[in-house]
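Enquirer: Input structure: coords.csv, which contains CSV, C-alpha atoms.
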```csv
chain,number,residue,atom,x,y,z
A,16,MET,CA,-33.8,73.0,42.3
A,17,ALA,CA,-30.4,73.0,40.6
A,18,ALA,CA,-31.6,75.4,38.1
A,19,SER,CA,-32.8,77.9,40.7
A,20,ALA,CA,-29.5,77.6,42.6
A,21,SER,CA,-27.5,78.4,39.4
A,22,ALA,CA,-30.0,81.3,38.7
A,23,ILE,CA,-29.2,82.7,42.2
A,24,SER,CA,-25.4,82.0,42.1
A,25,LEU,CA,-24.9,83.6,38.7
A,26,PRO,CA,-25.8,87.2,39.6
A,27,VAL,CA,-24.0,86.9,42.9
A,28,SER,CA,-20.8,85.7,41.2
A,29,ARG,CA,-21.1,88.5,38.7
A,30,ARG,CA,-21.6,91.0,41.5
A,31,GLU,CA,-18.6,89.6,43.3
A,32,LYS,CA,-16.6,89.8,40.1
A,33,GLY,CA,-17.6,93.4,39.7
A,34,GLU,CA,-16.8,94.3,43.3
A,35,GLU,CA,-13.4,92.6,42.9
A,36,GLU,CA,-12.7,94.7,39.8
A,37,ARG,CA,-13.7,97.9,41.6
A,38,GLN,CA,-11.3,96.9,44.4
A,39,LEU,CA,-8.5,96.4,41.9
A,40,VAL,CA,-9.2,99.8,40.4
A,41,ARG,CA,-9.1,101.4,43.8
A,42,LEU,CA,-5.8,99.7,44.5
A,43,ALA,CA,-4.4,100.8,41.1
A,44,GLN,CA,-5.6,104.3,41.8
A,45,SER,CA,-3.6,104.3,45.0
A,46,GLY,CA,-0.5,103.5,43.0
A,47,GLU,CA,-0.3,99.7,43.4
A,48,GLU,CA,1.3,98.6,40.1
A,49,ALA,CA,0.5,94.9,40.7
A,50,ALA,CA,-3.3,95.8,40.7
A,51,PHE,CA,-2.9,97.7,37.5
A,52,GLU,CA,-1.0,94.8,35.9
A,53,GLU,CA,-3.9,92.5,36.9
A,54,LEU,CA,-6.4,94.8,35.2
A,55,ILE,CA,-4.3,94.7,32.1
A,56,ARG,CA,-4.2,90.9,32.2
A,57,ARG,CA,-8.0,90.7,32.6
A,58,HIS,CA,-8.8,93.1,29.7
A,59,GLN,CA,-5.9,92.8,27.3
A,60,GLN,CA,-7.5,90.3,25.0
A,61,ARG,CA,-10.7,92.3,24.5
A,62,VAL,CA,-8.8,95.5,24.0
A,63,PHE,CA,-6.7,93.7,21.4
A,64,GLY,CA,-9.9,92.5,19.7
A,65,LEU,CA,-11.4,96.0,19.8
A,66,VAL,CA,-8.3,97.7,18.4
A,67,SER,CA,-7.6,95.1,15.8
A,68,GLY,CA,-11.3,95.3,14.8
A,69,ILE,CA,-10.9,99.0,14.0
A,70,LEU,CA,-7.3,99.2,12.8
A,71,ARG,CA,-7.0,96.0,10.8
A,72,ARG,CA,-3.2,96.2,10.6
A,73,ARG,CA,-1.6,93.8,13.0
A,74,GLU,CA,1.7,95.8,13.1
A,75,ASP,CA,-0.1,98.9,14.5
A,76,VAL,CA,-2.4,97.0,17.0
A,77,GLU,CA,0.2,96.2,19.7
A,78,ASP,CA,1.6,99.7,19.8
A,79,VAL,CA,-1.9,101.3,20.1
A,80,VAL,CA,-3.0,98.8,22.8
A,81,GLN,CA,0.1,99.7,24.8
A,82,GLN,CA,-0.7,103.4,24.3
A,83,VAL,CA,-4.3,102.7,25.5
A,84,PHE,CA,-3.1,101.2,28.8
A,85,LEU,CA,-0.6,104.0,29.3
A,86,LYS,CA,-3.4,106.5,28.9
A,87,VAL,CA,-5.6,104.6,31.3
A,88,PHE,CA,-2.8,104.4,33.9
A,89,VAL,CA,-2.2,108.2,33.6
A,90,SER,CA,-5.9,109.1,33.9
A,91,LEU,CA,-7.0,106.4,36.3
A,92,LYS,CA,-7.0,108.8,39.3
A,93,ARG,CA,-9.8,110.8,37.5
A,94,PHE,CA,-11.9,107.7,36.9
A,95,ASP,CA,-14.8,107.9,39.4
A,96,GLN,CA,-16.1,104.3,38.9
A,97,ARG,CA,-19.6,105.6,38.0
A,98,ALA,CA,-19.4,103.5,34.8
A,99,ALA,CA,-17.8,100.0,34.6
A,100,PHE,CA,-14.1,100.0,34.2
A,101,SER,CA,-14.4,97.9,31.1
A,102,THR,CA,-16.7,100.5,29.4
A,103,TRP,CA,-14.4,103.3,30.3
A,104,LEU,CA,-11.4,101.3,29.0
A,105,TYR,CA,-13.1,100.4,25.7
A,106,LYS,CA,-14.1,104.0,25.1
A,107,ILE,CA,-10.5,105.1,25.5
A,108,SER,CA,-9.5,102.3,23.2
A,109,VAL,CA,-11.9,103.4,20.5
A,110,ASN,CA,-10.8,107.1,20.8
A,111,GLU,CA,-7.2,106.1,20.6
A,112,CYS,CA,-7.8,104.1,17.4
A,113,TRP,CA,-9.6,107.1,15.8
A,114,ASP,CA,-6.8,109.4,16.9
A,115,TYR,CA,-4.3,107.1,15.4
A,116,LEU,CA,-6.1,106.8,12.1
A,117,ARG,CA,-6.5,110.6,12.0
A,118,LYS,CA,-2.9,111.3,12.9
A,119,LYS,CA,-1.3,108.7,10.6
A,120,LYS,CA,-3.8,109.4,7.9
A,121,VAL,CA,-4.0,105.6,7.4
A,122,ARG,CA,-5.6,104.7,4.1
A,123,PRO,CA,-7.6,101.5,4.0
A,124,LEU,CA,-6.0,98.5,2.5
A,125,VAL,CA,-6.6,98.4,-1.2
A,126,TYR,CA,-6.5,95.2,-3.1
A,127,GLU,CA,-5.8,96.0,-6.7
A,128,ALA,CA,-6.7,92.6,-8.1
A,129,ASP,CA,-10.3,91.5,-8.0
A,130,LEU,CA,-11.4,88.1,-6.8
A,131,SER,CA,-10.8,85.3,-9.3
A,132,GLU,CA,-13.7,83.1,-10.4
A,133,GLU,CA,-12.2,80.2,-8.4
A,134,GLN,CA,-12.1,82.4,-5.3
A,135,VAL,CA,-15.7,83.5,-5.8
A,136,SER,CA,-16.9,79.9,-6.1
A,137,ARG,CA,-15.0,79.0,-2.9
A,138,LEU,CA,-16.7,81.8,-1.1
A,139,ASP,CA,-20.0,80.5,-2.5
A,140,GLY,CA,-19.1,77.2,-0.9
A,141,VAL,CA,-18.5,78.9,2.5
A,142,VAL,CA,-21.9,80.7,2.3
A,143,SER,CA,-23.9,77.7,1.3
A,144,ALA,CA,-22.3,75.2,3.7
A,145,ASP,CA,-23.7,74.7,7.2
A,146,ARG,CA,-20.2,74.6,8.8
A,147,PRO,CA,-17.1,76.8,8.2
A,148,PRO,CA,-14.2,75.2,6.2
A,149,GLN,CA,-12.4,72.6,8.3
A,150,SER,CA,-8.9,72.6,6.8
A,151,PRO,CA,-6.7,75.4,8.1
A,152,MET,CA,-5.7,76.3,4.5
A,153,ASP,CA,-9.3,76.6,3.3
A,154,ARG,CA,-10.1,78.7,6.4
A,155,ALA,CA,-7.2,81.0,5.8
A,156,GLU,CA,-8.1,81.5,2.2
A,157,ALA,CA,-11.8,82.2,3.1
A,158,ARG,CA,-10.6,84.6,5.7
A,159,ASP,CA,-8.5,86.5,3.2
A,160,LEU,CA,-11.4,86.7,0.7
A,161,LEU,CA,-13.7,87.9,3.5
A,162,GLU,CA,-11.1,90.5,4.4
A,163,ARG,CA,-11.0,91.8,0.8
A,164,MET,CA,-14.8,92.2,0.8
A,165,MET,CA,-14.8,93.9,4.2
A,166,GLU,CA,-12.4,96.5,2.8
A,167,LYS,CA,-15.1,97.5,0.4
A,168,LEU,CA,-17.4,98.4,3.3
A,169,PRO,CA,-17.6,101.8,5.0
A,170,GLN,CA,-15.3,102.0,8.1
A,171,GLN,CA,-18.3,102.1,10.5
A,172,ASP,CA,-20.0,99.0,9.0
A,173,ARG,CA,-16.8,97.1,9.1
A,174,GLU,CA,-16.1,98.0,12.7
A,175,LEU,CA,-19.6,97.0,13.8
A,176,LEU,CA,-19.6,93.7,12.0
A,177,ILE,CA,-16.1,92.7,13.3
A,178,LEU,CA,-16.7,93.8,16.9
A,179,LYS,CA,-20.1,92.1,17.1
A,180,GLU,CA,-19.5,89.0,15.0
A,181,VAL,CA,-15.8,88.3,15.4
A,182,GLU,CA,-14.7,89.8,18.7
A,183,GLY,CA,-18.0,89.0,20.5
A,184,PHE,CA,-19.0,92.4,21.8
A,185,SER,CA,-22.7,92.6,22.7
A,186,VAL,CA,-25.0,95.2,21.2
A,187,GLN,CA,-25.3,96.8,24.6
A,188,GLU,CA,-21.5,97.0,25.0
A,189,LEU,CA,-21.2,98.5,21.4
A,190,ALA,CA,-23.9,101.0,22.2
A,191,GLU,CA,-22.0,102.2,25.3
A,192,ILE,CA,-18.6,102.2,23.7
A,193,LEU,CA,-19.7,104.0,20.5
A,194,GLU,CA,-22.1,106.2,22.5
A,195,LEU,CA,-25.1,105.2,20.4
A,196,ASN,CA,-28.6,104.1,21.1
A,197,VAL,CA,-29.0,100.3,21.4
A,198,ASN,CA,-31.7,100.3,18.6
A,199,THR,CA,-29.4,102.4,16.3
A,200,VAL,CA,-26.6,99.8,16.8
A,201,LYS,CA,-29.0,97.0,15.8
A,202,VAL,CA,-30.3,98.8,12.7
A,203,ARG,CA,-26.7,99.7,11.6
A,204,LEU,CA,-25.6,96.1,12.1
A,205,PHE,CA,-28.5,94.8,10.1
A,206,ARG,CA,-27.8,97.2,7.3
A,207,ALA,CA,-24.1,96.4,7.4
A,208,ARG,CA,-24.9,92.8,6.9
A,209,ALA,CA,-26.9,93.7,3.8
A,210,ARG,CA,-24.1,95.8,2.5
A,211,LEU,CA,-21.6,93.0,2.9
A,212,MET,CA,-23.9,90.7,1.0
A,213,GLU,CA,-24.3,93.3,-1.7
A,214,VAL,CA,-20.5,93.3,-2.1
A,215,TYR,CA,-20.5,89.6,-2.2
A,216,ARG,CA,-23.3,89.5,-4.8
A,217,ARG,CA,-21.5,92.0,-7.0
A,218,ARG,CA,-18.4,89.7,-6.9
A,219,LEU,CA,-20.7,86.8,-8.1
A,220,LYS,CA,-22.1,88.9,-10.9
A,221,ALA,CA,-18.7,89.9,-11.9
A,222,SER,CA,-17.8,86.3,-12.8
A,223,PRO,CA,-19.7,84.9,-15.8
A,224,ASP,CA,-22.3,82.4,-15.0
A,225,GLN,CA,-20.7,79.4,-16.7
A,226,PRO,CA,-20.1,75.8,-15.6
A,227,PRO,CA,-16.6,75.3,-14.0
A,228,GLU,CA,-15.4,73.3,-17.0
A,229,ALA,CA,-16.1,76.2,-19.4
A,230,ARG,CA,-14.3,78.6,-17.1
A,231,LYS,CA,-11.2,76.4,-17.0
A,232,ARG,CA,-11.1,76.2,-20.8
A,233,LYS,CA,-11.4,80.0,-20.9
A,234,ASP,CA,-8.6,80.4,-18.4
A,235,SER,CA,-6.3,78.0,-20.3
B,15,MET,CA,-24.7,103.0,-5.5
B,16,SER,CA,-22.1,104.7,-3.4
B,17,MET,CA,-21.1,103.0,-0.2
B,18,ASN,CA,-21.3,106.2,1.8
B,19,GLU,CA,-24.9,107.1,1.2
B,20,GLU,CA,-27.7,106.0,3.5
B,21,TYR,CA,-28.2,102.4,2.9
B,22,ARG,CA,-31.6,100.7,2.7
B,23,THR,CA,-32.3,97.1,3.0
B,24,THR,CA,-35.4,95.4,1.6
B,25,ALA,CA,-36.7,95.1,5.1
B,26,CYS,CA,-39.3,97.5,6.6
B,27,SER,CA,-37.4,100.1,8.6
B,28,GLN,CA,-39.5,99.6,11.7
B,29,TYR,CA,-38.5,95.8,11.8
B,30,GLU,CA,-34.8,96.1,11.2
B,31,ALA,CA,-33.8,96.1,14.9
B,32,ALA,CA,-36.2,93.2,15.6
B,33,LEU,CA,-34.7,91.3,12.7
B,34,GLU,CA,-31.2,91.8,14.1
B,35,ASP,CA,-32.4,90.4,17.4
B,36,HIS,CA,-34.2,87.5,15.7
B,37,LEU,CA,-31.0,86.6,14.0
B,38,HIS,CA,-29.3,86.0,17.3
B,39,GLY,CA,-32.4,84.4,19.0
B,40,ASP,CA,-32.6,87.4,21.3
B,41,LEU,CA,-36.2,88.2,20.5
B,42,GLY,CA,-38.9,86.8,22.8
B,43,GLY,CA,-42.5,87.2,23.9
B,44,HIS,CA,-44.9,89.6,22.1
B,45,GLU,CA,-42.2,91.1,19.8
B,46,ALA,CA,-41.3,87.6,18.5
B,47,THR,CA,-44.9,86.8,17.8
B,48,GLU,CA,-45.4,90.1,16.0
B,49,LEU,CA,-42.3,89.7,13.9
B,50,ALA,CA,-43.3,86.1,13.0
B,51,GLU,CA,-46.7,87.4,11.8
B,52,HIS,CA,-45.1,90.1,9.8
B,53,LEU,CA,-42.6,87.8,8.1
B,54,LYS,CA,-45.5,85.7,6.9
B,55,THR,CA,-46.7,88.5,4.7
B,56,CYS,CA,-43.6,90.6,4.0
B,57,SER,CA,-41.3,89.2,1.3
B,58,GLY,CA,-38.9,92.2,1.7
B,59,CYS,CA,-38.2,91.4,5.4
B,60,ARG,CA,-38.0,87.7,4.6
B,61,ALA,CA,-35.4,88.4,1.9
B,62,ALA,CA,-33.4,90.7,4.1
B,63,LEU,CA,-33.4,88.1,6.9
B,64,ASP,CA,-32.1,85.4,4.5
B,65,GLU,CA,-29.3,87.8,3.4
B,66,ALA,CA,-28.4,88.4,7.1
B,67,VAL,CA,-28.2,84.7,7.8
B,68,LEU,CA,-25.8,84.3,4.9
B,69,SER,CA,-23.7,87.2,6.1
B,70,ALA,CA,-23.4,85.5,9.4
B,71,ARG,CA,-22.1,82.4,7.6
B,72,LEU,CA,-19.6,84.4,5.7
B,73,LEU,CA,-18.4,86.1,8.9
B,74,ARG,CA,-17.8,82.9,10.9
B,75,VAL,CA,-14.6,82.3,8.9
B,76,ALA,CA,-13.0,85.4,10.5
B,77,GLU,CA,-11.0,84.8,13.7
B,78,PRO,CA,-10.8,87.0,16.8
B,79,ALA,CA,-7.5,88.7,17.7
B,80,ALA,CA,-5.1,86.4,19.4
B,81,ASP,CA,-4.4,86.8,23.1
B,82,PRO,CA,-1.1,88.7,23.4
B,83,GLY,CA,0.0,86.4,26.2
B,84,PRO,CA,1.0,86.8,29.8
B,85,GLY,CA,4.2,88.8,29.0
B,86,PHE,CA,2.2,91.6,27.6
B,87,GLY,CA,1.2,93.0,31.0
B,88,HIS,CA,4.9,93.2,32.0
B,89,MET,CA,5.8,94.8,28.8
B,90,VAL,CA,3.1,97.5,29.2
B,91,MET,CA,4.2,98.1,32.8
B,92,ALA,CA,7.8,98.5,31.7
B,93,ARG,CA,6.7,101.1,29.1
B,94,ILE,CA,4.7,102.9,31.7
B,95,ARG,CA,7.6,103.1,34.0
B,96,ALA,CA,9.9,104.3,31.2
B,97,GLU,CA,7.4,107.0,30.2
B,98,LEU,CA,6.8,108.1,33.8
B,99,HIS,CA,10.6,108.3,34.3
B,100,LEU,CA,10.9,110.4,31.2
B,101,HIS,CA,8.1,112.7,32.3
B,102,GLU,CA,9.5,113.1,35.9
B,103,GLY,CA,12.0,115.7,34.7
B,104,LYS,CA,9.4,117.4,32.6
B,105,SER,CA,7.2,119.1,35.2
B,106,ILE,CA,4.9,121.9,34.3
B,107,TRP,CA,7.4,124.3,35.8
B,108,GLN,CA,10.2,123.1,33.5
B,109,PRO,CA,9.8,126.0,30.9
B,110,PHE,CA,9.9,128.6,33.7
B,111,VAL,CA,12.9,127.0,35.3
B,112,SER,CA,14.8,127.0,32.0
B,113,LEU,CA,13.8,130.6,31.4
B,114,ALA,CA,15.0,131.5,34.9
B,115,TRP,CA,18.3,129.8,34.3
B,116,ARG,CA,18.7,131.8,31.0
B,117,PHE,CA,18.1,135.0,32.9
B,118,ALA,CA,20.6,134.1,35.6
B,119,ALA,CA,23.2,133.2,33.0
B,120,THR,CA,22.7,136.5,31.1
B,121,ALA,CA,22.8,138.5,34.4
B,122,ALA,CA,26.1,136.8,35.4
B,123,ILE,CA,27.7,137.5,32.0
B,124,ALA,CA,26.5,141.2,32.3
B,125,LEU,CA,28.0,141.4,35.8
B,126,VAL,CA,31.3,140.0,34.7
B,127,ILE,CA,31.4,142.5,31.9
B,128,LEU,CA,30.6,145.4,34.2
B,129,VAL,CA,33.2,144.4,36.8
B,130,SER,CA,35.9,143.9,34.3
B,131,PHE,CA,35.1,147.3,32.7
B,132,ASP,CA,35.2,149.0,36.2
B,133,VAL,CA,38.5,147.3,37.0
B,134,GLY,CA,39.9,148.4,33.7
B,135,ARG,CA,38.7,152.0,34.2
B,136,HIS,CA,40.1,152.1,37.8
B,137,SER,CA,43.5,150.9,36.7
B,138,GLN,CA,43.5,153.4,33.8
B,139,LEU,CA,42.8,156.2,36.4
B,140,GLN,CA,45.7,155.0,38.5
B,141,GLN,CA,48.0,155.0,35.5
B,142,ASP,CA,46.9,158.6,34.6
B,143,LYS,CA,47.6,159.8,38.1
B,144,SER,CA,51.1,158.4,38.3
B,145,LEU,CA,51.8,159.8,34.8
B,146,LEU,CA,50.6,163.2,36.0
B,147,ALA,CA,52.8,163.0,39.1
B,148,THR,CA,56.0,162.2,37.1
B,149,ASN,CA,55.4,164.9,34.4
B,150,ARG,CA,54.6,167.8,36.9
B,151,LEU,CA,56.2,171.2,36.0
B,152,PRO,CA,58.1,172.7,39.0
B,153,GLU,CA,57.9,176.3,37.8
B,154,LEU,CA,54.1,176.2,37.7
B,155,VAL,CA,54.0,174.7,41.2
B,156,PRO,CA,56.8,176.4,43.3
B,157,ASP,CA,58.5,174.5,46.0
B,158,GLN,CA,57.2,175.5,49.4
B,159,SER,CA,60.6,175.2,51.0
B,160,SER,CA,62.2,177.8,48.6
B,161,VAL,CA,59.6,180.5,49.0
B,162,PRO,CA,61.1,183.5,51.0
B,163,THR,CA,59.1,184.3,54.1
B,164,SER,CA,60.7,187.7,54.9
B,165,SER,CA,62.6,190.7,53.2
B,166,ASP,CA,65.9,189.3,54.5
B,167,ASP,CA,65.3,186.0,52.9
B,168,VAL,CA,64.6,187.9,49.6
B,169,LEU,CA,67.9,189.7,49.9
B,170,LEU,CA,69.8,186.5,50.7
B,171,LEU,CA,68.2,184.8,47.8
B,172,MET,CA,69.3,187.7,45.5
B,173,ALA,CA,72.8,187.6,46.9
B,174,GLU,CA,73.2,183.9,45.9
B,175,PRO,CA,75.7,183.8,43.1
B,176,ASN,CA,73.9,181.5,40.7
B,177,HIS,CA,70.4,182.8,41.4
B,178,GLY,CA,68.5,183.9,38.3
B,179,LYS,CA,70.9,182.2,35.8
```
Take the structure I supplied and represent it as structure tokens, if you would.
Expert:
Amino acid sequence: MAASASAISLPVSRREKGEEERQLVRLAQSGEEAAFEELIRRHQQRVFGLVSGILRRREDVEDVVQQVFLKVFVSLKRFDQRAAFSTWLYKISVNECWDYLRKKKVRPLVYEADLSEEQVSRLDGVVSADRPPQSPMDRAEARDLLERMMEKLPQQDRELLILKEVEGFSVQELAEILELNVNTVKVRLFRARARLMEVYRRRLKASPDQPPEARKRKDS
Amino acid sequence: MSMNEEYRTTACSQYEAALEDHLHGDLGGHEATELAEHLKTCSGCRAALDEAVLSARLLRVAEPAADPGPGFGHMVMARIRAELHLHEGKSIWQPFVSLAWRFAATAAIALVILVSFDVGRHSQLQQDKSLLATNRLPELVPDQSSVPTSSDDVLLLMAEPNHGK
């Protein structure tokens, strides 16, 4: 009984939420600034996630997100609400990121130094463990190493993996935002994972297959 | 292998989308059964699925972008107001208005030049007239009062002692 009640209430609340958002959009279209500010509050985190997933440079992200909301405000009167506001907003965000990358001719972050053997073995620990590292320092280091590997991937693969796995966008949402077929997104994601693992395996191959003691002796 | 060329996994291409769904537990019903049957016999798909599981483990160390906080909305609205204020003075007619002002300024300057030229010319004419009046030669233009009107007047004029000297 409880299960059926929740099954009924979920779509209703989702519908109500959608209607509430449409109402907010209508108010914002009529020039009510408080309504637009509420729309910003509701979507700012996901737009931040989306933009930082593409740009990867924290110093650029805030400026681009502000620019996105400015563009949305200016063109809001032309938005006919045929698509969801969030989809429209995310499309503008993606276009703004690509414009930004094109105009600024931003080059990807390049790490000159390759991963050390110690770093590779730590990553190995992350991959083989059931749970992610618990200490903040270990997590931060693993994050840094992952970021270095991600930089070796093509832009599109990197974007898809981050938006899906890190920022929590669904395949359906990614398909709408990137104007791709749902199946195409799935295939690209699956291939991007394989590519990431290939980068990871190359790192492992780069370090000699020796016991840790022998490596230490070699280092000293 | 270059990162930009078309990448192939060890998986069968017709199962890649299903394997991605399977990874997230999104595959159900007939499709799930079909994939399970396929995985029993396809080592390539099994290997690709194992790699995908490991990639998910690698990716879990990454953290999503932090929430910019409640002040962000105010900041964006302030920027929007500033930008709109800036754009208020810059309507689509702005270039035409500035062009019209330039024309008006040029016309005003031309008018001032013409008026001053005309005034100068007028005063020059006046000056010339007065100069002409002061330098007039009396013999060329006889005085009307001294012109004899009859033969007696001529005789009287001739009788004047200093006449003709």
Enquirer: Can you work out which residues from chain A touch chain B at a cut-off of 6 Å (counting all atoms listed in the file) and hand them back as a PyMOL selection string?
Expert: chain A and resi 52+55-56+60+64+81+85+142+158+181-182+198+201-202+205+208
Enquirer: One decimal, in Å: what's the spacing between atom CA of B:Gly39 and atom CA of A:Val141?
Expert: 22.3 Å
Enquirer: At what distance in Å, to one decimal, does atom CA of A:His58 lie from atom CA of A:Asp159?
Expert: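 Taking atom CA of A:Asp159 as the start and atom CA of A:His58 as the end point, the length is 27.3 Å.
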Enquirer: So which residues touch A:Val83 within 7 Å, counting all atoms listed in the file, skipping near sequence neighbours fewer than 6 positions away, as an MDAnalysis selection string?
Expert: chainID A and resid 107:108 111
Enquirer: Those residues you just picked out, can you put them in a file as a PDB file, in the frame of the given file with C-alpha atoms?
Expert:
```pdb
ATOM      1  CA  ILE A 107     -10.500 105.100  25.500  1.00  0.00           C
ATOM      2  CA  SER A 108      -9.500 102.300  23.200  1.00  0.00           C
ATOM      3  CA  GLU A 111      -7.200 106.100  20.600  1.00  0.00           C
TER       4      GLU A 111
END
```
Enquirer: Could you check how far atom CA of B:Ala119 sits from atom CA of B:Gly134, in Å to one decimal?
Expert: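 Interatomic distance, atom CA of B:Ala119 to atom CA of B:Gly134: 22.6 Å.
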Enquirer: Go ahead and fit an axis-aligned box to every listed atom of stretch 28-44 of chain A plus 6 Å each side, and pass me the centre and edge lengths in Å, one decimal, as lines of an AutoDock Vina configuration file.
Expert:
```
center_x = -13.0
center_y = 95.0
center_z = 41.6
size_x = 29.2
size_y = 30.6
size_z = 17.8
```
